[in-house]
Each structure stands twice: as structure tokens, then as C-alpha cells.
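**Q** File name target-v5.txt; file contents compact mmCIF, N, CA, C and O atoms; full text below.
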# COMPACT_ATOMS: atom_id res chain seq x y z
N MET A 1 171.31 144.20 -109.21
CA MET A 1 170.23 144.02 -110.15
C MET A 1 169.25 142.99 -109.59
O MET A 1 169.64 141.93 -109.13
N THR A 2 167.98 143.29 -109.61
CA THR A 2 166.97 142.35 -109.12
C THR A 2 166.24 141.76 -110.29
O THR A 2 166.03 142.42 -111.31
N THR A 3 165.86 140.49 -110.13
CA THR A 3 165.10 139.82 -111.19
C THR A 3 163.69 139.60 -110.68
O THR A 3 163.49 139.32 -109.50
N PRO A 4 162.71 139.70 -111.54
CA PRO A 4 161.33 139.49 -111.10
C PRO A 4 161.10 138.04 -110.67
O PRO A 4 161.66 137.13 -111.26
N SER A 5 160.32 137.87 -109.67
CA SER A 5 160.00 136.53 -109.17
C SER A 5 159.09 135.83 -110.17
O SER A 5 158.19 136.42 -110.74
N ARG A 6 159.31 134.54 -110.35
CA ARG A 6 158.48 133.76 -111.27
C ARG A 6 157.18 133.31 -110.61
O ARG A 6 156.22 133.00 -111.28
N LEU A 7 157.17 133.24 -109.28
CA LEU A 7 155.99 132.80 -108.57
C LEU A 7 155.24 134.00 -108.02
O LEU A 7 155.84 134.97 -107.59
N PRO A 8 153.91 133.95 -108.02
CA PRO A 8 153.15 135.05 -107.43
C PRO A 8 153.35 135.10 -105.93
O PRO A 8 153.64 134.09 -105.29
N ASP A 9 153.21 136.27 -105.38
CA ASP A 9 153.35 136.46 -103.94
C ASP A 9 152.19 135.74 -103.24
O ASP A 9 151.03 136.00 -103.53
N PRO A 10 152.48 134.81 -102.30
CA PRO A 10 151.40 134.04 -101.68
C PRO A 10 150.47 134.86 -100.80
O PRO A 10 149.39 134.44 -100.47
N TYR A 11 150.90 136.05 -100.38
CA TYR A 11 150.07 136.85 -99.49
C TYR A 11 149.32 137.95 -100.22
O TYR A 11 148.64 138.74 -99.62
N GLY A 12 149.43 138.00 -101.51
CA GLY A 12 148.62 138.88 -102.33
C GLY A 12 148.77 140.36 -102.02
O GLY A 12 147.82 140.99 -101.59
N HIS A 13 149.96 140.91 -102.23
CA HIS A 13 150.17 142.34 -102.02
C HIS A 13 149.35 143.17 -102.99
O HIS A 13 149.20 144.37 -102.81
N ASN A 14 148.78 142.55 -104.00
CA ASN A 14 148.00 143.29 -104.99
C ASN A 14 146.55 143.46 -104.54
O ASN A 14 145.69 143.78 -105.33
N GLY A 15 146.26 143.25 -103.26
CA GLY A 15 144.91 143.48 -102.75
C GLY A 15 144.11 142.21 -102.58
O GLY A 15 143.00 142.27 -102.08
N GLY A 16 144.63 141.07 -102.99
CA GLY A 16 143.91 139.82 -102.83
C GLY A 16 143.97 139.34 -101.38
O GLY A 16 144.81 139.76 -100.60
N ALA A 17 143.04 138.48 -101.03
CA ALA A 17 143.00 137.95 -99.68
C ALA A 17 143.79 136.65 -99.61
O ALA A 17 143.77 135.86 -100.54
N ASN A 18 144.47 136.43 -98.50
CA ASN A 18 145.18 135.17 -98.34
C ASN A 18 144.26 134.14 -97.72
O ASN A 18 143.12 134.42 -97.34
N LEU A 19 144.73 132.93 -97.61
CA LEU A 19 143.92 131.82 -97.12
C LEU A 19 143.41 132.07 -95.70
O LEU A 19 142.26 131.77 -95.38
N ALA A 20 144.23 132.63 -94.84
CA ALA A 20 143.82 132.90 -93.46
C ALA A 20 142.66 133.90 -93.43
O ALA A 20 141.72 133.73 -92.65
N ASP A 21 142.73 134.93 -94.27
CA ASP A 21 141.63 135.91 -94.33
C ASP A 21 140.34 135.26 -94.80
O ASP A 21 139.26 135.51 -94.26
N ILE A 22 140.44 134.42 -95.82
CA ILE A 22 139.26 133.75 -96.37
C ILE A 22 138.66 132.82 -95.33
O ILE A 22 137.45 132.81 -95.10
N LEU A 23 139.50 132.05 -94.66
CA LEU A 23 139.03 131.13 -93.63
C LEU A 23 138.36 131.88 -92.48
O LEU A 23 137.31 131.48 -91.98
N GLU A 24 138.94 133.00 -92.08
CA GLU A 24 138.36 133.81 -91.02
C GLU A 24 136.97 134.32 -91.42
O GLU A 24 136.03 134.27 -90.63
N ARG A 25 136.84 134.77 -92.65
CA ARG A 25 135.54 135.26 -93.13
C ARG A 25 134.51 134.13 -93.18
O ARG A 25 133.36 134.31 -92.79
N VAL A 26 134.93 132.96 -93.68
CA VAL A 26 134.01 131.82 -93.78
C VAL A 26 133.53 131.40 -92.39
O VAL A 26 132.34 131.18 -92.17
N LEU A 27 134.45 131.30 -91.44
CA LEU A 27 134.07 130.87 -90.10
C LEU A 27 133.25 131.92 -89.39
O LEU A 27 132.37 131.60 -88.59
N ASP A 28 133.49 133.19 -89.68
CA ASP A 28 132.73 134.26 -89.05
C ASP A 28 131.31 134.34 -89.58
O ASP A 28 130.36 134.52 -88.82
N LYS A 29 131.15 134.19 -90.87
CA LYS A 29 129.82 134.32 -91.49
C LYS A 29 129.12 132.98 -91.64
O LYS A 29 127.91 132.89 -91.55
N GLY A 30 129.87 131.92 -91.93
CA GLY A 30 129.30 130.61 -92.16
C GLY A 30 128.99 130.41 -93.64
O GLY A 30 128.71 131.35 -94.37
N VAL A 31 129.06 129.16 -94.07
CA VAL A 31 128.77 128.77 -95.44
C VAL A 31 127.87 127.56 -95.40
O VAL A 31 128.12 126.63 -94.64
N VAL A 32 126.84 127.55 -96.21
CA VAL A 32 125.93 126.41 -96.31
C VAL A 32 126.02 125.86 -97.72
O VAL A 32 125.90 126.59 -98.69
N ILE A 33 126.24 124.56 -97.81
CA ILE A 33 126.27 123.87 -99.09
C ILE A 33 125.18 122.81 -99.03
O ILE A 33 125.15 122.00 -98.11
N ALA A 34 124.27 122.83 -99.97
CA ALA A 34 123.15 121.89 -99.96
C ALA A 34 123.02 121.24 -101.33
O ALA A 34 123.29 121.85 -102.35
N GLY A 35 122.63 119.98 -101.31
CA GLY A 35 122.42 119.28 -102.58
C GLY A 35 121.62 118.01 -102.36
O GLY A 35 121.58 117.46 -101.27
N ASP A 36 120.93 117.59 -103.39
CA ASP A 36 120.13 116.37 -103.36
C ASP A 36 120.58 115.46 -104.48
O ASP A 36 120.88 115.92 -105.58
N ILE A 37 120.61 114.17 -104.19
CA ILE A 37 120.91 113.16 -105.20
C ILE A 37 119.68 112.27 -105.29
O ILE A 37 119.23 111.72 -104.28
N ARG A 38 119.13 112.14 -106.47
CA ARG A 38 117.95 111.29 -106.66
C ARG A 38 118.23 110.27 -107.74
O ARG A 38 118.76 110.61 -108.79
N ILE A 39 117.86 109.04 -107.47
CA ILE A 39 118.02 107.95 -108.44
C ILE A 39 116.63 107.47 -108.81
O ILE A 39 115.88 107.00 -107.96
N ASN A 40 116.30 107.60 -110.07
CA ASN A 40 114.98 107.20 -110.58
C ASN A 40 115.15 106.11 -111.63
O ASN A 40 116.14 106.09 -112.37
N LEU A 41 114.17 105.25 -111.71
CA LEU A 41 114.12 104.23 -112.75
C LEU A 41 112.71 104.22 -113.30
O LEU A 41 111.75 103.93 -112.57
N LEU A 42 112.56 104.59 -114.56
CA LEU A 42 111.26 104.66 -115.21
C LEU A 42 110.29 105.53 -114.41
O LEU A 42 109.17 105.14 -114.11
N ASP A 43 110.74 106.72 -114.04
CA ASP A 43 109.95 107.70 -113.27
C ASP A 43 109.53 107.19 -111.89
O ASP A 43 108.58 107.70 -111.30
N ILE A 44 110.21 106.17 -111.37
CA ILE A 44 109.97 105.70 -110.00
C ILE A 44 111.20 106.06 -109.19
O ILE A 44 112.32 105.64 -109.51
N GLU A 45 110.98 106.81 -108.14
CA GLU A 45 112.10 107.23 -107.31
C GLU A 45 112.56 106.08 -106.44
O GLU A 45 111.81 105.55 -105.63
N LEU A 46 113.80 105.67 -106.64
CA LEU A 46 114.36 104.55 -105.88
C LEU A 46 115.12 105.02 -104.64
O LEU A 46 115.10 104.35 -103.61
N LEU A 47 115.80 106.15 -104.76
CA LEU A 47 116.66 106.59 -103.68
C LEU A 47 116.80 108.10 -103.72
O LEU A 47 116.97 108.68 -104.79
N THR A 48 116.72 108.73 -102.56
CA THR A 48 116.98 110.17 -102.44
C THR A 48 117.96 110.37 -101.30
O THR A 48 117.75 109.85 -100.20
N ILE A 49 119.02 111.08 -101.58
CA ILE A 49 120.02 111.41 -100.56
C ILE A 49 120.08 112.93 -100.49
O ILE A 49 120.33 113.58 -101.49
N LYS A 50 119.84 113.46 -99.29
CA LYS A 50 119.91 114.90 -99.09
C LYS A 50 121.19 115.21 -98.34
O LYS A 50 121.41 114.70 -97.25
N LEU A 51 122.02 116.04 -98.93
CA LEU A 51 123.29 116.42 -98.33
C LEU A 51 123.22 117.88 -97.89
O LEU A 51 122.81 118.74 -98.66
N ARG A 52 123.61 118.13 -96.66
CA ARG A 52 123.66 119.49 -96.14
C ARG A 52 124.99 119.63 -95.40
O ARG A 52 125.33 118.82 -94.55
N LEU A 53 125.72 120.68 -95.72
CA LEU A 53 127.02 120.93 -95.09
C LEU A 53 127.05 122.37 -94.63
O LEU A 53 126.77 123.28 -95.42
N ILE A 54 127.37 122.58 -93.38
CA ILE A 54 127.51 123.93 -92.84
C ILE A 54 128.93 124.06 -92.31
O ILE A 54 129.38 123.23 -91.52
N VAL A 55 129.63 125.08 -92.76
CA VAL A 55 130.97 125.37 -92.28
C VAL A 55 130.89 126.70 -91.55
O VAL A 55 130.55 127.72 -92.16
N ALA A 56 131.15 126.67 -90.25
CA ALA A 56 131.08 127.89 -89.44
C ALA A 56 131.87 127.66 -88.16
O ALA A 56 132.18 126.52 -87.80
N SER A 57 132.18 128.73 -87.48
CA SER A 57 132.85 128.61 -86.19
C SER A 57 131.84 128.08 -85.17
O SER A 57 130.62 128.13 -85.38
N VAL A 58 132.32 127.59 -84.05
CA VAL A 58 131.44 127.07 -83.01
C VAL A 58 130.54 128.19 -82.50
O VAL A 58 129.33 127.99 -82.30
N ASP A 59 131.10 129.37 -82.31
CA ASP A 59 130.29 130.49 -81.82
C ASP A 59 129.18 130.85 -82.81
O ASP A 59 128.05 131.09 -82.40
N LYS A 60 129.51 130.89 -84.09
CA LYS A 60 128.51 131.21 -85.12
C LYS A 60 127.45 130.12 -85.18
O LYS A 60 126.26 130.40 -85.31
N ALA A 61 127.85 128.85 -85.08
CA ALA A 61 126.90 127.75 -85.12
C ALA A 61 125.93 127.85 -83.94
O ALA A 61 124.72 127.69 -84.10
N LYS A 62 126.45 128.12 -82.74
CA LYS A 62 125.58 128.27 -81.57
C LYS A 62 124.64 129.45 -81.75
O LYS A 62 123.48 129.40 -81.35
N GLU A 63 125.14 130.52 -82.34
CA GLU A 63 124.31 131.69 -82.61
C GLU A 63 123.16 131.33 -83.55
O GLU A 63 122.06 131.86 -83.42
N MET A 64 123.40 130.39 -84.47
CA MET A 64 122.37 129.95 -85.41
C MET A 64 121.47 128.88 -84.80
O MET A 64 120.54 128.40 -85.43
N GLY A 65 121.77 128.45 -83.56
CA GLY A 65 120.96 127.43 -82.90
C GLY A 65 121.40 126.01 -83.19
O GLY A 65 120.66 125.07 -82.97
N ILE A 66 122.62 125.85 -83.68
CA ILE A 66 123.15 124.52 -83.99
C ILE A 66 124.13 124.14 -82.88
O ILE A 66 125.16 124.78 -82.71
N ASP A 67 123.78 123.10 -82.13
CA ASP A 67 124.67 122.66 -81.04
C ASP A 67 124.57 121.16 -80.80
O ASP A 67 124.71 120.70 -79.67
N TRP A 68 124.32 120.40 -81.85
CA TRP A 68 124.11 118.96 -81.71
C TRP A 68 125.31 118.24 -81.11
O TRP A 68 125.16 117.22 -80.48
N TRP A 69 126.50 118.75 -81.26
CA TRP A 69 127.70 118.08 -80.73
C TRP A 69 127.71 118.08 -79.21
O TRP A 69 128.37 117.25 -78.60
N GLU A 70 126.97 119.00 -78.59
CA GLU A 70 126.94 119.05 -77.13
C GLU A 70 126.18 117.88 -76.54
O GLU A 70 126.39 117.52 -75.39
N ASP A 71 125.27 117.27 -77.31
CA ASP A 71 124.47 116.14 -76.84
C ASP A 71 124.94 114.80 -77.39
O ASP A 71 124.34 113.78 -77.12
N ASP A 72 126.00 114.80 -78.18
CA ASP A 72 126.52 113.58 -78.79
C ASP A 72 127.58 112.98 -77.87
O ASP A 72 128.63 113.60 -77.65
N PRO A 73 127.34 111.79 -77.30
CA PRO A 73 128.31 111.20 -76.38
C PRO A 73 129.68 110.95 -76.99
O PRO A 73 130.67 110.92 -76.28
N ALA A 74 129.75 110.80 -78.29
CA ALA A 74 131.04 110.59 -78.93
C ALA A 74 131.85 111.88 -79.01
O ALA A 74 133.07 111.83 -79.18
N LEU A 75 131.19 113.02 -78.87
CA LEU A 75 131.88 114.30 -79.02
C LEU A 75 131.94 115.15 -77.75
O LEU A 75 132.70 116.09 -77.68
N SER A 76 131.11 114.81 -76.76
CA SER A 76 131.02 115.63 -75.56
C SER A 76 131.18 114.77 -74.31
O SER A 76 130.45 113.79 -74.14
N SER A 77 132.11 115.15 -73.44
CA SER A 77 132.30 114.38 -72.21
C SER A 77 131.09 114.54 -71.29
O SER A 77 130.71 113.61 -70.58
N ARG A 78 130.43 115.71 -71.29
CA ARG A 78 129.23 115.90 -70.49
C ARG A 78 128.11 114.98 -70.96
O ARG A 78 127.45 114.32 -70.17
N ALA A 79 127.93 114.89 -72.28
CA ALA A 79 126.89 114.01 -72.82
C ALA A 79 127.22 112.56 -72.52
O ALA A 79 126.33 111.76 -72.24
N ARG A 80 128.51 112.20 -72.54
CA ARG A 80 128.91 110.83 -72.23
C ARG A 80 128.60 110.51 -70.77
O ARG A 80 128.08 109.44 -70.46
N ARG A 81 128.89 111.44 -69.87
CA ARG A 81 128.58 111.24 -68.44
C ARG A 81 127.07 111.11 -68.24
O ARG A 81 126.61 110.26 -67.48
N ASP A 82 126.30 111.96 -68.93
CA ASP A 82 124.84 111.90 -68.80
C ASP A 82 124.31 110.56 -69.29
O ASP A 82 123.41 109.97 -68.67
N GLU A 83 124.85 110.08 -70.41
CA GLU A 83 124.40 108.79 -70.95
C GLU A 83 124.76 107.65 -69.99
O GLU A 83 123.95 106.75 -69.75
N LEU A 84 125.96 107.68 -69.42
CA LEU A 84 126.36 106.64 -68.47
C LEU A 84 125.50 106.69 -67.21
O LEU A 84 125.13 105.64 -66.67
N ALA A 85 125.17 107.89 -66.74
CA ALA A 85 124.32 108.01 -65.56
C ALA A 85 122.93 107.46 -65.85
O ALA A 85 122.34 106.77 -65.00
N ARG A 86 122.40 107.75 -67.02
CA ARG A 86 121.08 107.23 -67.41
C ARG A 86 121.11 105.71 -67.50
O ARG A 86 120.24 105.01 -66.97
N GLU A 87 122.15 105.17 -68.14
CA GLU A 87 122.29 103.72 -68.26
C GLU A 87 122.44 103.06 -66.88
O GLU A 87 121.83 102.02 -66.61
N ASN A 88 123.20 103.69 -66.00
CA ASN A 88 123.39 103.18 -64.65
C ASN A 88 122.06 103.15 -63.89
O ASN A 88 121.74 102.18 -63.21
N ALA A 89 121.27 104.22 -64.02
CA ALA A 89 119.97 104.28 -63.35
C ALA A 89 119.04 103.19 -63.88
O ALA A 89 118.32 102.54 -63.10
N GLU A 90 119.05 102.95 -65.19
CA GLU A 90 118.22 101.89 -65.77
C GLU A 90 118.64 100.51 -65.26
O GLU A 90 117.78 99.68 -64.93
N LEU A 91 119.93 100.27 -65.16
CA LEU A 91 120.42 98.99 -64.66
C LEU A 91 120.05 98.79 -63.19
O LEU A 91 119.67 97.68 -62.78
N ARG A 92 120.16 99.86 -62.39
CA ARG A 92 119.78 99.75 -60.98
C ARG A 92 118.29 99.44 -60.84
O ARG A 92 117.88 98.66 -59.98
N GLU A 93 117.47 100.06 -61.69
CA GLU A 93 116.03 99.82 -61.66
C GLU A 93 115.73 98.37 -62.03
O GLU A 93 114.91 97.70 -61.38
N ARG A 94 116.39 97.85 -63.06
CA ARG A 94 116.18 96.45 -63.46
C ARG A 94 116.63 95.51 -62.35
O ARG A 94 115.98 94.50 -62.08
N LEU A 95 117.74 95.82 -61.71
CA LEU A 95 118.24 95.00 -60.61
C LEU A 95 117.26 95.01 -59.44
O LEU A 95 116.99 93.97 -58.84
N ALA A 96 116.70 96.17 -59.15
CA ALA A 96 115.73 96.27 -58.06
C ALA A 96 114.48 95.44 -58.37
O ALA A 96 113.88 94.87 -57.47
N GLN A 97 114.10 95.36 -59.64
CA GLN A 97 112.95 94.55 -60.02
C GLN A 97 113.26 93.06 -59.92
O GLN A 97 112.38 92.25 -59.61
N LEU A 98 114.50 92.67 -60.19
CA LEU A 98 114.88 91.26 -60.16
C LEU A 98 115.11 90.75 -58.73
O LEU A 98 114.93 89.56 -58.47
N GLU A 99 115.52 91.60 -57.82
CA GLU A 99 115.83 91.18 -56.44
C GLU A 99 114.64 90.51 -55.75
O GLU A 99 114.81 89.44 -55.17
N PRO A 100 113.44 91.07 -55.77
CA PRO A 100 112.33 90.39 -55.08
C PRO A 100 112.03 89.02 -55.69
O PRO A 100 111.72 88.06 -54.97
N ALA A 101 112.16 88.89 -57.00
CA ALA A 101 111.90 87.60 -57.64
C ALA A 101 112.95 86.58 -57.20
O ALA A 101 112.64 85.41 -56.95
N ARG A 102 114.20 86.99 -57.06
CA ARG A 102 115.26 86.08 -56.63
C ARG A 102 115.04 85.65 -55.19
O ARG A 102 115.19 84.48 -54.85
N ARG A 103 114.65 86.59 -54.34
CA ARG A 103 114.40 86.25 -52.93
C ARG A 103 113.24 85.28 -52.79
O ARG A 103 113.26 84.38 -51.97
N GLN A 104 112.22 85.47 -53.63
CA GLN A 104 111.06 84.60 -53.58
C GLN A 104 111.44 83.19 -54.01
O GLN A 104 110.99 82.21 -53.44
N GLU A 105 112.31 83.07 -55.01
CA GLU A 105 112.76 81.74 -55.46
C GLU A 105 113.58 81.05 -54.38
O GLU A 105 113.50 79.83 -54.22
N GLU A 106 114.39 81.83 -53.64
CA GLU A 106 115.22 81.25 -52.58
C GLU A 106 114.37 80.68 -51.44
O GLU A 106 114.72 79.69 -50.83
N THR A 107 113.26 81.34 -51.13
CA THR A 107 112.41 80.89 -50.03
C THR A 107 111.49 79.74 -50.45
O THR A 107 110.96 79.05 -49.59
N SER A 108 111.33 79.53 -51.74
CA SER A 108 110.44 78.44 -52.20
C SER A 108 111.12 77.11 -52.13
O SER A 108 112.22 76.85 -52.17
Can I see the file as C-alpha cells?

**A**
Amino acid sequence: MTTPSRLPDPYGHNGGANLADILERVLDKGVVIAGDIRINLLDIELLTIKLRLIVASVDKAKEMGIDWWEDDPALSSRARRDELARENAELRERLAQLEPARRQEETS
């Protein structure tokens, strides 16, 4: 004799989608959530905060033209190397400018 289960089937045999299916659809299509928070006092706007959230796969984001993480040194090793190379070049240039002044002081 079998007894009916008290809990619903987590994979939705009744045609419902499971969490993995929903996540796959969201990442494939992308979801945009937007909202604004405004604080006014006597009809004077004191503060406005604009919130924008996009949830999508990396491929979908690139397809939409969103790739800011590729240029962020905190998120991309290539961007970090580029930033270090730029900083190194700036320091070498400053050093080259200081060298003639130091030599001139030594000869005086």
C-alpha cells in the first residue's frame, strides 16, 4: 500500500519548471530590474538614487554590449596588467624628468 506524499514534488512533474530551468531561461534571455528612490522635503529634491540591475549570462551581456568587467582591474587580470603597465610608464616618465634636475644639483 502506498501513501501519498505530503510534500510536493520538487521537480514539478505536473508541468512546472524547476529552479534550474528558470535560472537557465533568465540567464539566456536576461532580466532588467530598474528603480528610483527620491527623497524630497517641501518639494525640494534632496537625494535621488537610481538603481539598475541586470541579470544575464556573460555571453548574453556581451551580446547586449555590456562588458565593463573586462576593463575593471579588480575583476580582470588583463585590465590589472594594463593598469600596472600604464602606472609603470608614468613613473618612468617622472623619473626621467627628475634625473636631469638631480644631475644639475650635483654639479652645482

**Q** Tell me, in Å to one decimal, how far atom N of Glu105 (chain A) is from atom O of Ala89 (chain A).

**A**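 Atom-to-atom, atom N of Glu105 (chain A) to atom O of Ala89 (chain A), that is 21.9 Å.
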
**Q** Between atom N of Ile66 (chain A) and atom N of Leu27 (chain A), what is the distance, to one decimal in Å?

**A**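 Those two atoms sit 15.2 Å apart.
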
**Q** Please provide as a list in words all residues within 6 Å of Ala34 (chain A), with the sequence filter that same-chain residues fewer than 3 positions apart are discarded (counting only N, CA, C and O atoms).

**A**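 So, after excluding close chain neighbours, the residues are Leu51, Arg52 and Leu53 of chain A.
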
**Q** From a DSSP pass on the backbone, collect the residues of region 8-61 of chain A flagged as helix (DSSP H, G or I) and hand them back as a ChimeraX atom specification.

**A** /A:19-29,58-61

**Q** Can those selected residues be exported to a file as a compact mmCIF listing (two decimals), in the coordinates of the input so that it contains N, CA, C and O atoms?

**A**
# COMPACT_ATOMS: atom_id res chain seq x y z
N LEU A 19 144.73 132.93 -97.61
CA LEU A 19 143.92 131.82 -97.12
C LEU A 19 143.41 132.07 -95.70
O LEU A 19 142.26 131.77 -95.38
N ALA A 20 144.23 132.63 -94.84
CA ALA A 20 143.82 132.90 -93.46
C ALA A 20 142.66 133.90 -93.43
O ALA A 20 141.72 133.73 -92.65
N ASP A 21 142.73 134.93 -94.27
CA ASP A 21 141.63 135.91 -94.33
C ASP A 21 140.34 135.26 -94.80
O ASP A 21 139.26 135.51 -94.26
N ILE A 22 140.44 134.42 -95.82
CA ILE A 22 139.26 133.75 -96.37
C ILE A 22 138.66 132.82 -95.33
O ILE A 22 137.45 132.81 -95.10
N LEU A 23 139.50 132.05 -94.66
CA LEU A 23 139.03 131.13 -93.63
C LEU A 23 138.36 131.88 -92.48
O LEU A 23 137.31 131.48 -91.98
N GLU A 24 138.94 133.00 -92.08
CA GLU A 24 138.36 133.81 -91.02
C GLU A 24 136.97 134.32 -91.42
O GLU A 24 136.03 134.27 -90.63
N ARG A 25 136.84 134.77 -92.65
CA ARG A 25 135.54 135.26 -93.13
C ARG A 25 134.51 134.13 -93.18
O ARG A 25 133.36 134.31 -92.79
N VAL A 26 134.93 132.96 -93.68
CA VAL A 26 134.01 131.82 -93.78
C VAL A 26 133.53 131.40 -92.39
O VAL A 26 132.34 131.18 -92.17
N LEU A 27 134.45 131.30 -91.44
CA LEU A 27 134.07 130.87 -90.10
C LEU A 27 133.25 131.92 -89.39
O LEU A 27 132.37 131.60 -88.59
N ASP A 28 133.49 133.19 -89.68
CA ASP A 28 132.73 134.26 -89.05
C ASP A 28 131.31 134.34 -89.58
O ASP A 28 130.36 134.52 -88.82
N LYS A 29 131.15 134.19 -90.87
CA LYS A 29 129.82 134.32 -91.49
C LYS A 29 129.12 132.98 -91.64
O LYS A 29 127.91 132.89 -91.55
N VAL A 58 132.32 127.59 -84.05
CA VAL A 58 131.44 127.07 -83.01
C VAL A 58 130.54 128.19 -82.50
O VAL A 58 129.33 127.99 -82.30
N ASP A 59 131.10 129.37 -82.31
CA ASP A 59 130.29 130.49 -81.82
C ASP A 59 129.18 130.85 -82.81
O ASP A 59 128.05 131.09 -82.40
N LYS A 60 129.51 130.89 -84.09
CA LYS A 60 128.51 131.21 -85.12
C LYS A 60 127.45 130.12 -85.18
O LYS A 60 126.26 130.40 -85.31
N ALA A 61 127.85 128.85 -85.08
CA ALA A 61 126.90 127.75 -85.12
C ALA A 61 125.93 127.85 -83.94
O ALA A 61 124.72 127.69 -84.10

**Q** Just want the 8 Å neighbourhood of Gly30 (chain A), counted on all atoms listed in the file, with same-chain residues fewer than 2 positions away dropped. Output as a compact mmCIF listing (two decimals) with N, CA, C and O atoms, keeping the file's coordinate frame.

**A**
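Contents of result_30.txt, as written:
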# COMPACT_ATOMS: atom_id res chain seq x y z
N LEU A 23 139.50 132.05 -94.66
CA LEU A 23 139.03 131.13 -93.63
C LEU A 23 138.36 131.88 -92.48
O LEU A 23 137.31 131.48 -91.98
N GLU A 24 138.94 133.00 -92.08
CA GLU A 24 138.36 133.81 -91.02
C GLU A 24 136.97 134.32 -91.42
O GLU A 24 136.03 134.27 -90.63
N ARG A 25 136.84 134.77 -92.65
CA ARG A 25 135.54 135.26 -93.13
C ARG A 25 134.51 134.13 -93.18
O ARG A 25 133.36 134.31 -92.79
N VAL A 26 134.93 132.96 -93.68
CA VAL A 26 134.01 131.82 -93.78
C VAL A 26 133.53 131.40 -92.39
O VAL A 26 132.34 131.18 -92.17
N LEU A 27 134.45 131.30 -91.44
CA LEU A 27 134.07 130.87 -90.10
C LEU A 27 133.25 131.92 -89.39
O LEU A 27 132.37 131.60 -88.59
N ASP A 28 133.49 133.19 -89.68
CA ASP A 28 132.73 134.26 -89.05
C ASP A 28 131.31 134.34 -89.58
O ASP A 28 130.36 134.52 -88.82
N VAL A 32 126.84 127.55 -96.21
CA VAL A 32 125.93 126.41 -96.31
C VAL A 32 126.02 125.86 -97.72
O VAL A 32 125.90 126.59 -98.69
N ILE A 33 126.24 124.56 -97.81
CA ILE A 33 126.27 123.87 -99.09
C ILE A 33 125.18 122.81 -99.03
O ILE A 33 125.15 122.00 -98.11
N LEU A 53 125.72 120.68 -95.72
CA LEU A 53 127.02 120.93 -95.09
C LEU A 53 127.05 122.37 -94.63
O LEU A 53 126.77 123.28 -95.42
N ILE A 54 127.37 122.58 -93.38
CA ILE A 54 127.51 123.93 -92.84
C ILE A 54 128.93 124.06 -92.31
O ILE A 54 129.38 123.23 -91.52
N VAL A 55 129.63 125.08 -92.76
CA VAL A 55 130.97 125.37 -92.28
C VAL A 55 130.89 126.70 -91.55
O VAL A 55 130.55 127.72 -92.16
N ALA A 56 131.15 126.67 -90.25
CA ALA A 56 131.08 127.89 -89.44
C ALA A 56 131.87 127.66 -88.16
O ALA A 56 132.18 126.52 -87.80
N SER A 57 132.18 128.73 -87.48
CA SER A 57 132.85 128.61 -86.19
C SER A 57 131.84 128.08 -85.17
O SER A 57 130.62 128.13 -85.38
N LYS A 60 129.51 130.89 -84.09
CA LYS A 60 128.51 131.21 -85.12
C LYS A 60 127.45 130.12 -85.18
O LYS A 60 126.26 130.40 -85.31
N ALA A 61 127.85 128.85 -85.08
CA ALA A 61 126.90 127.75 -85.12
C ALA A 61 125.93 127.85 -83.94
O ALA A 61 124.72 127.69 -84.10

**Q** Distance atom N of Asp71 (chain A)-atom O of Lys29 (chain A), one decimal place?

**A**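 Going from atom N of Asp71 (chain A) over to atom O of Lys29 (chain A) covers 21.3 Å.
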
**Q** Env of Asp82 (chain A): 9 Å cut, atoms = only C-alpha atoms, seq-sep filter 5 positions within chain, self excluded. Answer as a list in words.

**A**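 Once the nearby chain positions are removed, what remains is Pro73, Ser77 and Glu87 of chain A.
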
**Q** Adding 6 Å on each side of the box along x, y and z that holds all listed atoms of region 57-76 of chain A, could you give its centre and edge lengths in Å to one decimal, as AutoDock Vina command-line options?

**A**
--center_x 126.8 --center_y 121.2 --center_z -80.8 --size_x 24.5 --size_y 33.3 --size_z 25.3

**Q** Within 7 Å of (118.8, 109.2, -103.4) in the file's own coordinates, which protein, DNA or RNA residues have an atom, counting all atoms listed in the file? List them as a list in words.

**A** Asp36, Ile37, Arg38, Ile39, Leu46, Leu47, Thr48, Ile49 and Lys50 of chain A
